[in-house]
Amino acid sequence: MTCDLNTNLPDKAHDHGHDHEHGHGHSHDHADMTTADSRRRVAIAAVLTASFMMAEVTGGLISGSLALLADAAHMLTDAASLILAWVGYKLAERPADPSRSYGFGRMKVLAAFTNGIALVALSCWIVWEAVHRLLDPAPVLGGIMLWVAVGGLVVNVLAAWVLHGGDQHDLNLQGALWHVIGDLLGSVAAIAAAIIILTTGWIPADPILSVLVALLVLVAGVRIARQSGHILLEGTPEGLSPEDIRNDLEEHVAQVSNVAHIHAWALTESKPLITLEVTAVHGACTETLRRKVKARLAERFDISHATVEVVSEPC
């Protein structure tokens with residue numbers, strides 16, 4: 001099995017330079033710009049959330065409203081979660097070193113997982129407090145509750161608008177967004193409860209609406225924790241079925257006899273990785289085949305980082 005090195009060498013050198021600088025490099029530049037935008041949006045949302053949190057805590061304590069206190073608790077965890085998300089972005093920018101060959105890219109995924117778990121825990125706490133309020137109702141000052149809730153709604157709408165304009169596939173950003181959406185829904189629930197209390201005097205409206213918001217936040221927390229946990233456990237990324245990859249390479253790449261030992265996972269939600277073994281037909285140039293396989297993976301499955309081992313078919 002031989003390759004015409006004199007003939008192929010100039011093309012190989014050109015191909016390598018083109019793939020690395022234009023394909024792989026452009027992907028990193030785009031990812032860096034997206035991360036910088038997400039980090040900026042998270043920082044703005046953190047400032048907005050923290051600025052109103054103390055006002056809502058004070059209003060909840062004075063009025064005796066669980067809905068306001070639940071919303072304030074949302075804001076407290078939101079401020080911490082947004083800061084955690086921002087730290088995740090900053091750490092992810094650190095370069096690789098001998099101890100961490102992939103760098104800190106997964107820090108923002110870890111931050112998303114932590115935020116997902118925090119949403120679940122917060123939802124459970126709100127439900128627990130609501131049950132106690134239903135069993136032992138406490139007086140609620142609807143007027144104070146209403147005005148504070150309206151202020152919280154305005155702040156949360158602004159924060160949600162800032163975060164919603166970012167990368168929709170960024171789990172870290174989505175985790176931060178859902179914290180803020182939980183706050184927004186909490187403010188809506190507090191406004192509704194305040195209006196009901198002011199017009200009818202029915203106090204149970206406060207804890208009941210708090211539970212409804214908690215259930216919505218719980219669903220979001222479970223979804224974010226599940227998706228980020230799948231990445232941390234190195235599960236196969238969505239859309240990268242090993243069987244589909246095998247069939248595609250065997251069908252569309254000439255001189256491929258067999259594809260085996262396929263392992264696909266993701267460093268982050270936007271950086272899939274893959275390793276596989278390709279068996280070349282007898283007489284094929286293994287280096288040329290390796291490049292063809294990597295080119296097909298990038299074109300068909302958008303995988304820019306692939307480790308391809310090529311073995312020869314037995315004589």
# chains A, B, ... in the order shown; residues from 1 in each chain; ligands from 1

$ residues_around --residues "A:Met75" --least-positions-apart "3" --cutoff "12 Å" --atoms "only C-alpha atoms" --output "NGL selection string"
:A and (45-57 or 68-72 or 78-82 or 119 or 122 or 152-153 or 155-156 or 159 or 176 or 178-187)

$ closest_atom_pairs --of "stretch 209-261 of chain A" --to "stretch 95-116 of chain A" --cutoff "6 Å" --atoms "only C-alpha atoms" --output "JSON lines"
{"residue": "A:Gly221", "atom": "CA", "partner": "A:Gly116", "partner_atom": "CA", "distance": 4.2}
{"residue": "A:Ile224", "atom": "CA", "partner": "A:Gly116", "partner_atom": "CA", "distance": 5.2}
{"residue": "A:Ala225", "atom": "CA", "partner": "A:Gly116", "partner_atom": "CA", "distance": 4.5}
{"residue": "A:Ser228", "atom": "CA", "partner": "A:Phe113", "partner_atom": "CA", "distance": 5.3}

$ select_by_dssp --residues "stretch 43-236 of chain A" --states "alpha helix (DSSP H)" --output "VMD selection string"
chain A and resid 43 to 63 66 to 92 107 to 135 142 to 164 171 to 200 205 to 232

$ residues_around --residues "A:Leu163" --least-positions-apart "2" --cutoff "8 Å" --atoms "only C-alpha atoms" --output "number ranges by chain"
A: 38, 41-42, 45, 159-161, 165-166, 173, 176-177

$ write_last_selection --atoms "C-alpha atoms" --output "tab-separated table (two decimals), in the first residue's frame"
chain	number	residue	atom	x	y	z
A	38	SER	CA	-23.48	36.16	26.36
A	41	ARG	CA	-25.79	40.11	28.68
A	42	VAL	CA	-25.47	38.08	31.89
A	45	ALA	CA	-29.05	41.13	33.94
A	159	ALA	CA	-33.45	41.46	32.38
A	160	ALA	CA	-35.32	38.78	30.41
A	161	TRP	CA	-35.22	40.96	27.27
A	165	GLY	CA	-31.43	38.23	22.66
A	166	GLY	CA	-28.39	35.97	23.21
A	173	LEU	CA	-27.31	31.56	29.19
A	176	ALA	CA	-29.70	32.29	33.67
A	177	LEU	CA	-32.66	33.27	31.47

$ residues_around --residues "A:Ile274" --least-positions-apart "5" --cutoff "9 Å" --atoms "only C-alpha atoms" --output "list in words"
Ile262, His263, Ala264, Trp265, Ala266, Ile303, His305, Ala306, Thr307 and Val308 of chain A

$ residues_around --residues "A:Pro139" --least-positions-apart "2" --cutoff "7 Å" --atoms "only C-alpha atoms" --output "list of chain:residue names"
A:Gly64, A:Pro137, A:Leu141

$ atom_distance --atom1 "atom CA of A:Ile62" --atom2 "atom CA of A:Ser123"
22.9 Å

$ select_by_dssp --residues "stretch 254-303 of chain A" --states "strand (DSSP E)" --output "PyMOL selection string"
chain A and resi 256-268+271-280

$ closest_residue --among "A:Leu267, A:Leu297, A:Ala36, A:Val211" --to "A:Ala130" --atoms "only C-alpha atoms"
A:Val211
